[in-house]
Amino acid sequence: MSHFAEQTWADFVRGMAGHETKPEIEAHLLSACPECKSDFEMWDRVARFASQEISYTVPDGLVYAVTAGFANPVAAEPNTWNLACLLFDSAAVALPAGIRSGNASTRQFVYEGEGLTVDLRFERNPDSNMISASGQVLDKAVPLRWLGRAAIVLSNDKGQLVSKAEAGEYGEFQFEFVPQDQLRMSIATSDRRTLRIALGNLE
Ligand SMILES: [Zn+2]
């Protein structure tokens with residue numbers, strides 16, 4: 001269980017925490033609570049690449065100033081991202097009609113960029129009308145090597161947050177979202193540029 005609510009972290013890393021909340025969080029982080037340190041790092045990462053999106057404009061200096069207070073020195077991250085290349089799209093694979101997958105609601109992609117391979121699988125949940133996404137991000141050169149933390153953020157064409165996840169030990173992640181056009185996924189890792197995937201229309 002989180003020691004602060006997600007919304008509180010989201011405000012905090014964007015420098016929008018209230019006058020009462022902010023000192024409380026800072027004091028708590030200084031107490032080196034491992035759980036909150038981990039939450040903070042995750043949200044800080046989300047904020048840093050969300051800040052590349054128009055509607056989340058965060059002055060970088062603010063985030064870094066906040067970070068400098070308690071975390072390890074944070075390397076200045078270039079405010080840039082690389083677009084991933086599509087290697088595989090199950091919808092683009094022409095199969096003879098008789099062999100077509102019975103499960104047309106599943107779509108798979110493989111993307112590559114920044115030395116990473118990203119496997120994605122989208123499945124529509126017929127009950128909720130949500131799309132479940134599951135995936136794995138791997139080091140292309142050494143697929144079984146632990147990547148370190150990877151934050152995955154899904155945003156719409158206005159740059160608004162749609163969903164987010166943090167990759168597990170094997171780079172695996174999953175989340176759900178309401179289907180919409182022109183989604184993009186950003187994958188932030190500690191030692192690479194943010195990788196962006198333009199998902200376009202998932203129908
Ligand atoms: Zn805590």
# chains A, B, ... in the order shown; residues from 1 in each chain; ligands from 1
>>> residues_near_ligand(ligand="ligand 1", cutoff="9 Å", atoms="only C-alpha atoms and all ligand atoms", output="number ranges by chain")
A: 2-4, 25, 28-29, 31-37, 39
>>> residues_around(residues="Lys22 of chain A", least_positions_apart="4", cutoff="10 Å", atoms="only C-alpha atoms", output="list in words")
Thr8, Trp9, Asp11, Phe12, Val13, Gly15, Met16, Ala17, Gly18, Glu26, Ala27 and His28 of chain A
>>> residues_around(residues="Pro179 of chain A", least_positions_apart="6", cutoff="10 Å", atoms="only C-alpha atoms", output="list in words")
Arg124, Asn129, Met130, Ile131, Ser132, Val162, Asn201, Leu202 and Glu203 of chain A
>>> residues_around(residues="Arg121 of chain A", least_positions_apart="2", cutoff="9 Å", atoms="only C-alpha atoms", output="list of chain:residue names")
A:Thr106, A:Arg107, A:Gln108, A:Phe109, A:Val110, A:Asp119, A:Glu123, A:Ser132, A:Ala133, A:Ser134, A:Gly135
>>> atom_distance(atom1="atom CA of Leu147 of chain A", atom2="atom CA of Val178 of chain A")
28.6 Å
>>> atom_distance(atom1="atom CA of Glu166 of chain A", atom2="atom CA of Val137 of chain A")
10.6 Å
>>> atom_distance(atom1="atom CA of Leu161 of chain A", atom2="atom CA of Val46 of chain A")
9.8 Å
